[in-house]
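The structure file work06.pdb is reproduced below (PDB, C-alpha atoms).
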ATOM      1  CA  MET O   1     -22.884   1.733  44.996
ATOM      2  CA  THR O   2     -24.240   0.978  41.511
ATOM      3  CA  THR O   3     -25.820   3.965  39.766
ATOM      4  CA  PRO O   4     -28.374   3.912  36.914
ATOM      5  CA  ASP O   5     -25.614   5.081  34.567
ATOM      6  CA  ASP O   6     -23.433   2.152  35.614
ATOM      7  CA  THR O   7     -26.303  -0.253  34.944
ATOM      8  CA  GLU O   8     -26.962   1.286  31.532
ATOM      9  CA  ARG O   9     -23.290   1.088  30.558
ATOM     10  CA  SER O  10     -23.113  -2.511  31.716
ATOM     11  CA  GLY O  11     -26.229  -3.379  29.709
ATOM     12  CA  ARG O  12     -24.769  -1.723  26.628
ATOM     13  CA  ARG O  13     -21.586  -3.760  27.069
ATOM     14  CA  ASP O  14     -23.623  -6.958  27.319
ATOM     15  CA  ASP O  15     -25.538  -6.023  24.128
ATOM     16  CA  LEU O  16     -22.296  -5.589  22.220
ATOM     17  CA  ARG O  17     -20.764  -8.815  23.528
ATOM     18  CA  ASP O  18     -23.957 -10.657  22.523
ATOM     19  CA  ALA O  19     -23.650  -9.060  19.080
ATOM     20  CA  LEU O  20     -20.041 -10.211  18.817
ATOM     21  CA  ALA O  21     -21.087 -13.760  19.728
ATOM     22  CA  VAL O  22     -23.323 -14.020  16.637
ATOM     23  CA  THR O  23     -20.901 -12.220  14.293
ATOM     24  CA  VAL O  24     -19.018 -14.491  11.903
ATOM     25  CA  PRO O  25     -15.484 -12.998  11.873
ATOM     26  CA  VAL O  26     -13.635 -12.083   8.707
ATOM     27  CA  PRO O  27     -10.930 -14.720   8.161
ATOM     28  CA  SER O  28      -7.223 -13.936   8.020
ATOM     29  CA  GLY O  29      -6.116 -12.848   4.570
ATOM     30  CA  HIS O  30      -9.262 -10.783   3.979
ATOM     31  CA  GLN O  31      -9.078  -8.450   6.970
ATOM     32  CA  ALA O  32      -8.940  -4.657   6.822
ATOM     33  CA  TRP O  33      -8.245  -2.377   9.755
ATOM     34  CA  VAL O  34      -9.598   0.878  11.192
ATOM     35  CA  THR O  35      -8.513   2.979  14.135
ATOM     36  CA  ARG O  36     -10.028   2.661  17.598
ATOM     37  CA  ASP O  37     -11.619   6.078  17.124
ATOM     38  CA  ALA O  38     -13.338   4.893  13.936
ATOM     39  CA  ALA O  39     -14.598   1.783  15.729
ATOM     40  CA  LEU O  40     -15.927   3.910  18.600
ATOM     41  CA  ARG O  41     -17.791   6.144  16.143
ATOM     42  CA  THR O  42     -19.311   3.142  14.334
ATOM     43  CA  LEU O  43     -20.427   1.388  17.518
ATOM     44  CA  ARG O  44     -21.248   4.624  19.377
ATOM     45  CA  CYS O  45     -19.866   3.081  22.540
ATOM     46  CA  THR O  46     -17.341   3.937  25.251
ATOM     47  CA  ALA O  47     -13.673   3.005  25.251
ATOM     48  CA  ALA O  48     -14.427   0.535  28.065
ATOM     49  CA  ASP O  49     -17.123  -1.098  25.900
ATOM     50  CA  LEU O  50     -14.635  -1.493  23.053
ATOM     51  CA  ASP O  51     -11.988  -2.925  25.389
ATOM     52  CA  SER O  52     -14.572  -5.463  26.554
ATOM     53  CA  LEU O  53     -15.167  -6.487  22.935
ATOM     54  CA  LEU O  54     -11.436  -6.834  22.291
ATOM     55  CA  ALA O  55     -11.088  -9.026  25.389
ATOM     56  CA  ALA O  56     -14.010 -11.140  24.128
ATOM     57  CA  GLY O  57     -12.296 -11.786  20.786
ATOM     58  CA  LEU O  58     -12.989  -8.891  18.395
ATOM     59  CA  ALA O  59     -10.088  -9.021  15.932
ATOM     60  CA  HIS O  60      -7.454  -6.332  16.436
ATOM     61  CA  GLN O  61      -3.795  -5.672  15.773
ATOM     62  CA  GLY O  62      -1.407  -2.829  16.493
ATOM     63  CA  GLY O  63      -4.084  -0.652  18.073
ATOM     64  CA  GLN O  64      -6.487  -1.120  15.146
ATOM     65  CA  VAL O  65      -9.715  -3.126  14.833
ATOM     66  CA  GLU O  66     -11.092  -5.236  11.969
ATOM     67  CA  ARG O  67     -13.373  -2.944   9.952
ATOM     68  CA  ASN O  68     -16.061  -5.374   8.778
ATOM     69  CA  ASP O  69     -16.291  -7.142  12.135
ATOM     70  CA  VAL O  70     -16.907  -3.786  13.810
ATOM     71  CA  TRP O  71     -19.697  -2.976  11.353
ATOM     72  CA  ASN O  72     -21.267  -6.409  11.809
ATOM     73  CA  VAL O  73     -21.192  -6.169  15.591
ATOM     74  CA  GLY O  74     -22.996  -2.854  15.208
ATOM     75  CA  LEU O  75     -25.549  -4.435  12.902
ATOM     76  CA  HIS O  76     -26.315  -7.126  15.501
ATOM     77  CA  ASP O  77     -26.436  -4.636  18.406
ATOM     78  CA  ALA O  78     -29.773  -5.158  20.171
ATOM     79  CA  SER O  79     -29.758  -1.614  21.564
ATOM     80  CA  ARG O  80     -29.729  -0.272  17.968
ATOM     81  CA  ARG O  81     -27.509   2.644  18.981
ATOM     82  CA  SER O  82     -24.711   1.834  16.552
ATOM     83  CA  VAL O  83     -24.352   3.502  13.158
ATOM     84  CA  PRO O  84     -25.187   0.300  11.186
ATOM     85  CA  ALA O  85     -28.322  -0.390  13.228
ATOM     86  CA  ARG O  86     -29.466   3.234  12.918
ATOM     87  CA  GLU O  87     -28.948   3.090   9.160
ATOM     88  CA  MET O  88     -31.272   0.086   9.055
ATOM     89  CA  LEU O  89     -33.875   2.047  11.041
ATOM     90  CA  PHE O  90     -33.552   4.977   8.639
ATOM     91  CA  PHE O  91     -33.960   2.700   5.636
ATOM     92  CA  ASP O  92     -36.979   1.077   7.277
ATOM     93  CA  MET O  93     -38.618   4.515   7.477
ATOM     94  CA  MET O  94     -38.112   4.899   3.718
ATOM     95  CA  LEU O  95     -39.738   1.524   3.050
ATOM     96  CA  ARG O  96     -42.863   1.832   5.189
ATOM     97  CA  SER O  97     -45.070   3.099   2.357
ATOM     98  CA  GLU O  98     -45.915   0.173   0.120
ATOM     99  CA  GLY O  99     -47.391   0.294  -3.359
ATOM    100  CA  ALA O 100     -47.235   3.500  -5.361
ATOM    101  CA  ASP O 101     -44.383   4.895  -3.266
ATOM    102  CA  TRP O 102     -42.194   1.969  -4.410
ATOM    103  CA  LEU O 103     -43.392   2.181  -8.025
ATOM    104  CA  SER O 104     -43.964   5.820  -8.954
ATOM    105  CA  ALA O 105     -41.505   7.646 -11.202
ATOM    106  CA  ARG O 106     -39.045   9.743  -9.201
ATOM    107  CA  ARG O 107     -36.709  12.304 -10.700
ATOM    108  CA  TYR O 108     -33.345  12.750  -9.019
ATOM    109  CA  THR O 109     -30.389  15.059  -9.394
ATOM    110  CA  ALA O 110     -27.473  12.692  -9.929
ATOM    111  CA  VAL O 111     -23.918  13.629  -8.977
ATOM    112  CA  ALA O 112     -21.079  11.252  -9.912
ATOM    113  CA  GLU O 113     -17.648  11.870  -8.388
ATOM    114  CA  ALA O 114     -14.245  10.303  -9.001
ATOM    115  CA  ARG O 115     -10.875  11.171  -7.469
ATOM    116  CA  CYS O 116      -7.450  10.236  -8.753
ATOM    117  CA  PRO O 117      -5.458   8.381  -6.062
ATOM    118  CA  ARG O 118      -2.540  10.716  -6.805
ATOM    119  CA  GLY O 119      -4.570  13.674  -5.581
ATOM    120  CA  PRO O 120      -3.025  17.099  -6.303
ATOM    121  CA  ALA O 121      -0.080  15.348  -7.974
ATOM    122  CA  CYS O 122      -2.402  14.380 -10.836
ATOM    123  CA  ALA O 123      -1.804  16.677 -13.801
ATOM    124  CA  GLU O 124      -4.529  15.443 -16.169
ATOM    125  CA  PRO O 125      -7.892  17.274 -16.300
ATOM    126  CA  VAL O 126      -9.437  14.884 -18.853
ATOM    127  CA  TRP O 127     -11.678  12.145 -17.481
ATOM    128  CA  PRO O 128     -13.761   9.483 -19.277
ATOM    129  CA  GLN O 129     -17.536   9.479 -19.055
ATOM    130  CA  PRO O 130     -19.021   8.393 -15.713
ATOM    131  CA  PRO O 131     -20.894   5.093 -15.320
ATOM    132  CA  ARG O 132     -23.467   3.930 -17.852
ATOM    133  CA  SER O 133     -26.389   4.251 -15.505
ATOM    134  CA  GLY O 134     -29.230   5.830 -17.461
ATOM    135  CA  ALA O 135     -28.399   9.247 -16.036
ATOM    136  CA  ARG O 136     -28.460  12.240 -18.405
ATOM    137  CA  TRP O 137     -25.214  14.108 -17.656
ATOM    138  CA  GLU O 138     -25.564  17.864 -18.101
ATOM    139  CA  SER O 139     -22.294  19.305 -16.787
ATOM    140  CA  GLN O 140     -18.780  18.388 -15.672
ATOM    141  CA  THR O 141     -16.629  20.286 -13.190
ATOM    142  CA  GLY O 142     -13.284  19.644 -11.558
ATOM    143  CA  GLY O 143      -9.884  19.216 -13.094
ATOM    144  CA  PRO O 144      -6.589  17.568 -12.181
ATOM    145  CA  GLY O 145      -7.135  15.070  -9.391
ATOM    146  CA  ALA O 146     -10.925  14.964  -9.390
ATOM    147  CA  SER O 147     -14.019  15.215 -11.540
ATOM    148  CA  ARG O 148     -17.720  15.691 -10.885
ATOM    149  CA  TRP O 149     -20.582  15.138 -13.302
ATOM    150  CA  THR O 150     -24.083  16.484 -12.619
ATOM    151  CA  GLY O 151     -27.279  15.466 -14.357
ATOM    152  CA  ASP O 152     -30.589  13.847 -13.710
ATOM    153  CA  VAL O 153     -32.097  10.385 -13.698
ATOM    154  CA  VAL O 154     -35.686   9.177 -13.496
ATOM    155  CA  LEU O 155     -36.256   5.943 -11.576
ATOM    156  CA  SER O 156     -39.421   3.869 -11.589
ATOM    157  CA  GLY O 157     -40.314   0.681  -9.760
ATOM    158  CA  ARG O 158     -41.737  -2.433 -11.377
ATOM    159  CA  ARG O 159     -44.010  -5.081  -9.900
ATOM    160  CA  THR O 160     -43.621  -8.570 -11.368
ATOM    161  CA  THR O 161     -44.253 -12.161 -10.318
ATOM    162  CA  PRO O 162     -41.325 -14.521 -10.888
ATOM    163  CA  ASP O 163     -41.601 -18.003 -12.318
ATOM    164  CA  PRO O 164     -42.858 -20.239  -9.441
ATOM    165  CA  VAL O 165     -40.107 -22.794 -10.112
ATOM    166  CA  LEU O 166     -37.601 -20.288  -8.702
ATOM    167  CA  GLY O 167     -39.220 -20.393  -5.288
ATOM    168  CA  GLU O 168     -37.358 -23.401  -3.930
ATOM    169  CA  VAL O 169     -33.928 -21.884  -4.611
ATOM    170  CA  TRP O 170     -35.037 -18.503  -3.232
ATOM    171  CA  ASP O 171     -36.557 -19.929  -0.056
ATOM    172  CA  HIS O 172     -33.435 -22.002   0.636
ATOM    173  CA  LEU O 173     -31.265 -18.886   0.525
ATOM    174  CA  LEU O 174     -33.529 -16.925   2.869
ATOM    175  CA  GLU O 175     -33.679 -19.803   5.336
ATOM    176  CA  THR O 176     -29.944 -20.549   5.278
ATOM    177  CA  TYR O 177     -27.996 -17.280   5.056
ATOM    178  CA  ALA O 178     -27.685 -14.061   7.061
ATOM    179  CA  TYR O 179     -26.479 -10.605   6.070
ATOM    180  CA  GLN O 180     -23.037  -9.344   7.088
ATOM    181  CA  ALA O 181     -20.647  -6.819   5.613
ATOM    182  CA  THR O 182     -18.052  -8.813   3.649
ATOM    183  CA  PRO O 183     -14.756  -7.855   1.989
ATOM    184  CA  SER O 184     -15.072  -8.012  -1.788
ATOM    185  CA  SER O 185     -12.179 -10.481  -1.973
ATOM    186  CA  LEU O 186     -14.293 -12.852   0.125
ATOM    187  CA  ALA O 187     -17.663 -11.983  -1.442
ATOM    188  CA  ARG O 188     -16.436 -13.211  -4.820
ATOM    189  CA  ASP O 189     -15.765 -16.690  -3.363
ATOM    190  CA  VAL O 190     -19.129 -18.476  -3.535
ATOM    191  CA  GLU O 191     -17.886 -21.592  -1.762
ATOM    192  CA  ARG O 192     -16.645 -19.564   1.210
ATOM    193  CA  THR O 193     -20.065 -17.906   1.412
ATOM    194  CA  ARG O 194     -21.629 -21.376   1.585
ATOM    195  CA  GLU O 195     -19.261 -22.319   4.406
ATOM    196  CA  ARG O 196     -19.699 -19.116   6.416
ATOM    197  CA  ARG O 197     -23.463 -18.791   5.732
ATOM    198  CA  VAL O 198     -23.221 -14.990   5.796
ATOM    199  CA  GLY O 199     -22.581 -12.419   3.112
ATOM    200  CA  ASP O 200     -23.316  -8.934   1.850
ATOM    201  CA  CYS O 201     -25.224  -7.996  -1.300
ATOM    202  CA  GLU O 202     -22.391  -9.072  -3.593
ATOM    203  CA  ALA O 203     -21.792 -12.403  -1.835
ATOM    204  CA  LEU O 204     -25.480 -13.350  -1.631
ATOM    205  CA  ALA O 205     -26.177 -12.295  -5.223
ATOM    206  CA  ARG O 206     -23.251 -14.347  -6.547
ATOM    207  CA  LEU O 207     -24.429 -17.292  -4.470
ATOM    208  CA  LEU O 208     -27.979 -16.997  -5.819
ATOM    209  CA  VAL O 209     -26.752 -16.811  -9.421
ATOM    210  CA  ASP O 210     -24.703 -19.962  -8.831
ATOM    211  CA  ASP O 211     -27.641 -21.807  -7.246
ATOM    212  CA  LEU O 212     -30.085 -20.752  -9.975
ATOM    213  CA  GLN O 213     -27.726 -21.731 -12.765
ATOM    214  CA  ALA O 214     -27.059 -25.089 -11.075
ATOM    215  CA  ALA O 215     -30.834 -25.657 -11.057
ATOM    216  CA  GLY O 216     -31.005 -24.968 -14.805
ATOM    217  CA  HIS O 217     -32.228 -21.350 -14.752
ATOM    218  CA  GLU O 218     -30.858 -18.456 -16.792
ATOM    219  CA  ALA O 219     -29.512 -15.972 -14.243
ATOM    220  CA  ARG O 220     -26.909 -13.224 -14.175
ATOM    221  CA  LEU O 221     -25.431 -10.721 -11.747
ATOM    222  CA  GLN O 222     -26.824  -7.172 -11.827
ATOM    223  CA  THR O 223     -24.987  -4.196 -10.352
ATOM    224  CA  GLY O 224     -25.982  -0.639  -9.566
ATOM    225  CA  TYR O 225     -26.490   1.947  -6.854
ATOM    226  CA  LEU O 226     -29.052   1.713  -4.056
ATOM    227  CA  LEU O 227     -30.421   4.837  -2.385
ATOM    228  CA  GLY O 228     -30.804   3.886   1.262
ATOM    229  CA  GLY O 229     -29.527   4.606   4.728
ATOM    230  CA  VAL O 230     -27.555   7.829   4.787
ATOM    231  CA  ARG O 231     -25.931   7.522   1.361
ATOM    232  CA  THR O 232     -26.108   5.857  -2.034
ATOM    233  CA  ARG O 233     -24.359   2.486  -1.950
ATOM    234  CA  TRP O 234     -22.978   0.082  -4.508
ATOM    235  CA  HIS O 235     -25.438  -2.762  -4.823
ATOM    236  CA  TYR O 236     -25.650  -6.256  -6.329
ATOM    237  CA  TRP O 237     -28.753  -8.270  -7.140
ATOM    238  CA  VAL O 238     -29.869 -10.898  -9.700
ATOM    239  CA  ARG O 239     -31.681 -10.915 -13.042
ATOM    240  CA  VAL O 240     -33.327 -14.214 -13.898
ATOM    241  CA  THR O 241     -35.263 -15.260 -16.999
ATOM    242  CA  GLY O 242     -38.290 -17.518 -16.513
ATOM    243  CA  ARG O 243     -39.597 -20.245 -18.783
ATOM    244  CA  ASP O 244     -41.876 -17.738 -20.513
ATOM    245  CA  GLY O 245     -38.926 -15.471 -21.369
ATOM    246  CA  THR O 246     -39.838 -12.803 -18.801
ATOM    247  CA  THR O 247     -36.884 -11.321 -16.887
ATOM    248  CA  THR O 248     -37.391 -10.474 -13.221
ATOM    249  CA  SER O 249     -35.202  -9.144 -10.415
ATOM    250  CA  LEU O 250     -34.338 -10.997  -7.229
ATOM    251  CA  ASP O 251     -32.679  -9.013  -4.433
ATOM    252  CA  PRO O 252     -31.457 -11.574  -1.876
ATOM    253  CA  SER O 253     -29.552  -9.271   0.476
ATOM    254  CA  MET O 254     -32.436  -6.833   0.903
ATOM    255  CA  ALA O 255     -34.855  -9.723   1.427
ATOM    256  CA  VAL O 256     -32.588 -11.180   4.130
ATOM    257  CA  LEU O 257     -32.330  -7.773   5.813
ATOM    258  CA  ALA O 258     -36.093  -7.275   5.502
ATOM    259  CA  GLN O 259     -36.707 -10.409   7.556
ATOM    260  CA  ARG O 260     -34.996  -8.690  10.476
ATOM    261  CA  PHE O 261     -35.208  -4.939   9.982
ATOM    262  CA  PHE O 262     -37.928  -4.161   7.433
ATOM    263  CA  SER O 263     -41.472  -5.297   6.716
ATOM    264  CA  PRO O 264     -42.650  -8.714   5.470
ATOM    265  CA  GLU O 265     -44.197  -6.826   2.533
ATOM    266  CA  TYR O 266     -40.784  -5.563   1.474
ATOM    267  CA  ALA O 267     -39.236  -9.021   1.860
ATOM    268  CA  ARG O 268     -41.867 -10.302  -0.591
ATOM    269  CA  TRP O 269     -41.237  -7.324  -2.875
ATOM    270  CA  CYS O 270     -37.579  -8.350  -3.259
ATOM    271  CA  TYR O 271     -38.786 -11.583  -4.891
ATOM    272  CA  GLY O 272     -39.395 -10.340  -8.418
ATOM    273  CA  SER O 273     -40.162  -6.626  -8.120
ATOM    274  CA  GLU O 274     -37.944  -3.560  -8.425
ATOM    275  CA  LEU O 275     -37.682  -0.452  -6.248
ATOM    276  CA  ASN O 276     -37.655   3.121  -7.560
ATOM    277  CA  ARG O 277     -34.533   3.855  -5.497
ATOM    278  CA  VAL O 278     -32.143   1.654  -7.491
ATOM    279  CA  VAL O 279     -29.913   2.789 -10.376
ATOM    280  CA  PRO O 280     -28.878  -0.227 -12.501
ATOM    281  CA  LEU O 281     -25.535  -0.213 -14.317
ATOM    282  CA  VAL O 282     -24.786  -1.824 -17.668
ATOM    283  CA  GLU O 283     -21.790  -3.803 -16.359
ATOM    284  CA  GLU O 284     -20.026  -4.369 -13.046
ATOM    285  CA  ASP O 285     -17.008  -2.457 -14.382
ATOM    286  CA  ASP O 286     -19.167   0.678 -14.500
ATOM    287  CA  PHE O 287     -18.476   1.135 -10.782
ATOM    288  CA  TRP O 288     -15.084   2.447 -11.930
ATOM    289  CA  VAL O 289     -13.573   4.699 -14.581
ATOM    290  CA  GLU O 290     -10.136   4.297 -16.132
ATOM    291  CA  HIS O 291      -8.280   7.536 -15.490
ATOM    292  CA  VAL O 292      -4.962   8.199 -17.220
ATOM    293  CA  CYS O 293      -2.663  10.919 -15.949
ATOM    294  CA  ALA O 294       0.994  11.766 -16.484
ATOM    295  CA  THR O 295       2.221   9.234 -13.923
ATOM    296  CA  GLY O 296       0.181   6.304 -15.193
ATOM    297  CA  SER O 297      -3.278   4.734 -15.362
ATOM    298  CA  ALA O 298      -5.583   4.211 -12.413
ATOM    299  CA  ARG O 299      -8.912   2.421 -12.010
ATOM    300  CA  VAL O 300     -10.891   4.938  -9.984
ATOM    301  CA  PRO O 301     -14.133   4.166  -8.107
ATOM    302  CA  VAL O 302     -17.150   6.329  -8.892
ATOM    303  CA  GLU O 303     -19.458   7.411  -6.085
ATOM    304  CA  LEU O 304     -22.999   8.430  -7.008
ATOM    305  CA  THR O 305     -25.199  10.758  -4.974
ATOM    306  CA  LEU O 306     -28.929  11.143  -5.620
ATOM    307  CA  ARG O 307     -31.096  14.040  -4.448
ATOM    308  CA  ILE O 308     -34.799  13.908  -5.205
ATOM    309  CA  ARG O 309     -36.199  16.793  -7.246
ATOM    310  CA  ARG O 310     -39.426  18.077  -5.725
TER     311      ARG O 310
END

Mind turning the file's structure into structure tokens?
Amino acid sequence: MTTPDDTERSGRRDDLRDALAVTVPVPSGHQAWVTRDAALRTLRCTAADLDSLLAAGLAHQGGQVERNDVWNVGLHDASRRSVPAREMLFFDMMLRSEGADWLSARRYTAVAEARCPRGPACAEPVWPQPPRSGARWESQTGGPGASRWTGDVVLSGRRTTPDPVLGEVWDHLLETYAYQATPSSLARDVERTRERRVGDCEALARLLVDDLQAAGHEARLQTGYLLGGVRTRWHYWVRVTGRDGTTTSLDPSMAVLAQRFFSPEYARWCYGSELNRVVPLVEEDDFWVEHVCATGSARVPVELTLRIRR
């Protein structure tokens, strides 16, 4: 006899297999692997559901599952129970208030953290300054193996209207490409993004820069941190200069996501305007610090946390 629970589990399995069917897999040579337990936590599914996905073609090897494919299946999950889909719902809640809430000045406590890959074996307490992000650093704590800087940053949004001649390139991207988590080694390859027609913020921003420059526009990659979902994320978008010399921001990945998860108003906002939840960096290299300890030099990623000050 079929019970309601059996029907629900079967429906969940169908949702995930449908999500897998529209997921563009990460190609060999760019794959990264996570444990089954990590995949189960991301998809918030049963072991039988995961086995069904593996049988349907989800990439796996040696008891591990491809990390980005798992995240992308979760993003496409119609039931919206997965961690990626729930993060999109959380972000949507943050973006429901248009206007002043996207523009007003917000003061945040900023915490930047970096950890030496050698961990406790690191014997050097001296660290370089954290990323050039506009934050005012007030204190540093930590020592060998790790460092934490605390300060504050004020973020404001900006509403602008881009040069109308940019519209054709922008519209083509929105109509042609979809969002998927993408390994950085693949995101840097613009031609592969064109072939696959999916990409994350880095891939879509690099693609847009390439398309704008090919059309004769002055455009460059912009990097920073985006406050959204459950944590602050590394983010890529585009700065473009119009014929009148005015520089505006174009955020292709958030616009693509907005077409599915957020409001049409926010999709339009991504075409020229800036959100007060984004911390721009001076250069892409500011995602890392060069840390030198007794056993050598390491390029260490910096994670930034923002907490609003009431």

Note to self: I'd like the interatomic distance between atom CA of Asp152 of chain O and atom CA of Ala110 of chain O, to a tenth of an Å.
What the structure shows: 5.0 Å

Notebook entry, point to check: atom CA of Arg96 of chain O and atom CA of Leu75 of chain O are how many Å apart?
Noted result: 20.0 Å

Checklist line | Reference answer for the PyMOL selection byres ((chain O and resi 67) around 9), as number ranges by chain | finding: O: 31-35, 38-39, 64-66, 68-72

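Between atom CA of Tyr236 of chain O and atom CA of Ala114 of chain O there is a distance of 20.3 Å.
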
What are the nearest atom pairs, with distances in Å to one decimal, for all residues of segment 61-150 of chain O that come at most 12 Å from segment 258-268 of chain O, using only C-alpha atoms, set out by chain and rising residue number as a Markdown table?
| residue | atom | partner | partner_atom | distance |
| --- | --- | --- | --- | --- |
| O:Leu75 | CA | O:Phe261 | CA | 10.1 |
| O:His76 | CA | O:Arg260 | CA | 10.2 |
| O:Ala78 | CA | O:Phe261 | CA | 11.6 |
| O:Arg80 | CA | O:Phe261 | CA | 10.8 |
| O:Pro84 | CA | O:Phe261 | CA | 11.4 |
| O:Ala85 | CA | O:Phe261 | CA | 8.9 |
| O:Arg86 | CA | O:Phe261 | CA | 10.4 |
| O:Glu87 | CA | O:Phe261 | CA | 10.2 |
| O:Met88 | CA | O:Phe261 | CA | 6.4 |
| O:Leu89 | CA | O:Phe261 | CA | 7.2 |
| O:Phe90 | CA | O:Phe261 | CA | 10.1 |
| O:Phe91 | CA | O:Phe262 | CA | 8.1 |
| O:Asp92 | CA | O:Phe262 | CA | 5.3 |
| O:Met93 | CA | O:Phe262 | CA | 8.7 |
| O:Met94 | CA | O:Phe262 | CA | 9.8 |
| O:Leu95 | CA | O:Tyr266 | CA | 7.3 |
| O:Arg96 | CA | O:Ser263 | CA | 7.4 |
| O:Ser97 | CA | O:Tyr266 | CA | 9.7 |
| O:Glu98 | CA | O:Glu265 | CA | 7.6 |
| O:Gly99 | CA | O:Glu265 | CA | 9.8 |
| O:Trp102 | CA | O:Tyr266 | CA | 9.7 |

Next item on the list: Name the residues in contact with segment 279-288 of chain O at a cut-off of 12 Å, using only C-alpha atoms, excluding same-chain residues fewer than 5 positions from it; report them as a ChimeraX atom specification.
Entry: /O:106-108,110,112-116,127-135,152-157,202,220-228,232-239,249,274,298-306

Note to self: Would you pick out the contacts of Ala187 of chain O at 8 Å or less, using all atoms listed in the file, so that residues sharing its chain but fewer than 3 positions from it are not included, and give the list as a ChimeraX atom specification?
What the structure shows: /O:182-184,190,193,199-200,202-204,206

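Near Gly272 of chain O, within 12 Å and counting all atoms listed in the file, sit Gly157, Arg158, Arg159, Thr160, Thr161, Pro162, Asp163, Pro164, Leu166, Gly167, Trp170, Trp237, Val238, Arg239, Val240, Thr241, Gly242, Thr246, Thr247, Thr248, Ser249, Leu250, Asp251, Pro252, Ala255 and Tyr266 of chain O; same-chain residues fewer than 6 positions away were not included.
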
Can you write out the residues you just picked, keeping C-alpha atoms, as an mmCIF file, in the frame of the given file?
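To be explicit, this is the file written out as part-v5.cif:
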data_model
loop_
_atom_site.group_PDB
_atom_site.id
_atom_site.type_symbol
_atom_site.label_atom_id
_atom_site.label_comp_id
_atom_site.auth_asym_id
_atom_site.auth_seq_id
_atom_site.Cartn_x
_atom_site.Cartn_y
_atom_site.Cartn_z
ATOM 1 C CA GLY O 157 -40.314 0.681 -9.760
ATOM 2 C CA ARG O 158 -41.737 -2.433 -11.377
ATOM 3 C CA ARG O 159 -44.010 -5.081 -9.900
ATOM 4 C CA THR O 160 -43.621 -8.570 -11.368
ATOM 5 C CA THR O 161 -44.253 -12.161 -10.318
ATOM 6 C CA PRO O 162 -41.325 -14.521 -10.888
ATOM 7 C CA ASP O 163 -41.601 -18.003 -12.318
ATOM 8 C CA PRO O 164 -42.858 -20.239 -9.441
ATOM 9 C CA LEU O 166 -37.601 -20.288 -8.702
ATOM 10 C CA GLY O 167 -39.220 -20.393 -5.288
ATOM 11 C CA TRP O 170 -35.037 -18.503 -3.232
ATOM 12 C CA TRP O 237 -28.753 -8.270 -7.140
ATOM 13 C CA VAL O 238 -29.869 -10.898 -9.700
ATOM 14 C CA ARG O 239 -31.681 -10.915 -13.042
ATOM 15 C CA VAL O 240 -33.327 -14.214 -13.898
ATOM 16 C CA THR O 241 -35.263 -15.260 -16.999
ATOM 17 C CA GLY O 242 -38.290 -17.518 -16.513
ATOM 18 C CA THR O 246 -39.838 -12.803 -18.801
ATOM 19 C CA THR O 247 -36.884 -11.321 -16.887
ATOM 20 C CA THR O 248 -37.391 -10.474 -13.221
ATOM 21 C CA SER O 249 -35.202 -9.144 -10.415
ATOM 22 C CA LEU O 250 -34.338 -10.997 -7.229
ATOM 23 C CA ASP O 251 -32.679 -9.013 -4.433
ATOM 24 C CA PRO O 252 -31.457 -11.574 -1.876
ATOM 25 C CA ALA O 255 -34.855 -9.723 1.427
ATOM 26 C CA TYR O 266 -40.784 -5.563 1.474
#

Specify as a compact mmCIF listing (two decimals) with C-alpha atoms, keeping the file's coordinate frame each residue included when the PyMOL selection byres ((chain O and resi 118) around 12) is applied to this file.
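What landed in expr_32.txt:
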# COMPACT_ATOMS: atom_id res chain seq x y z
CA ALA O 114 -14.24 10.30 -9.00
CA ARG O 115 -10.88 11.17 -7.47
CA CYS O 116 -7.45 10.24 -8.75
CA PRO O 117 -5.46 8.38 -6.06
CA GLY O 119 -4.57 13.67 -5.58
CA PRO O 120 -3.02 17.10 -6.30
CA ALA O 121 -0.08 15.35 -7.97
CA CYS O 122 -2.40 14.38 -10.84
CA ALA O 123 -1.80 16.68 -13.80
CA GLU O 124 -4.53 15.44 -16.17
CA PRO O 144 -6.59 17.57 -12.18
CA GLY O 145 -7.14 15.07 -9.39
CA ALA O 146 -10.92 14.96 -9.39
CA HIS O 291 -8.28 7.54 -15.49
CA VAL O 292 -4.96 8.20 -17.22
CA CYS O 293 -2.66 10.92 -15.95
CA ALA O 294 0.99 11.77 -16.48
CA THR O 295 2.22 9.23 -13.92
CA GLY O 296 0.18 6.30 -15.19
CA SER O 297 -3.28 4.73 -15.36
CA ALA O 298 -5.58 4.21 -12.41
CA ARG O 299 -8.91 2.42 -12.01
CA VAL O 300 -10.89 4.94 -9.98

Checklist line | Counting only C-alpha atoms, the option among O:Thr23, O:Gly57, O:Leu16, O:Ala205 closest to Cys45 of chain O | finding: O:Leu16

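With distances restricted to only C-alpha atoms, O:Arg12 is the closest residue to Ser82 of chain O from O:Asp37, O:Arg12, O:Trp137, O:His60.
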
Note to self: For a quick check of understanding, using all atoms listed in the file, which of O:Val126, O:Ser52, O:Leu212, O:Arg196 has the smallest distance to Asp18 of chain O?
What the structure shows: O:Ser52
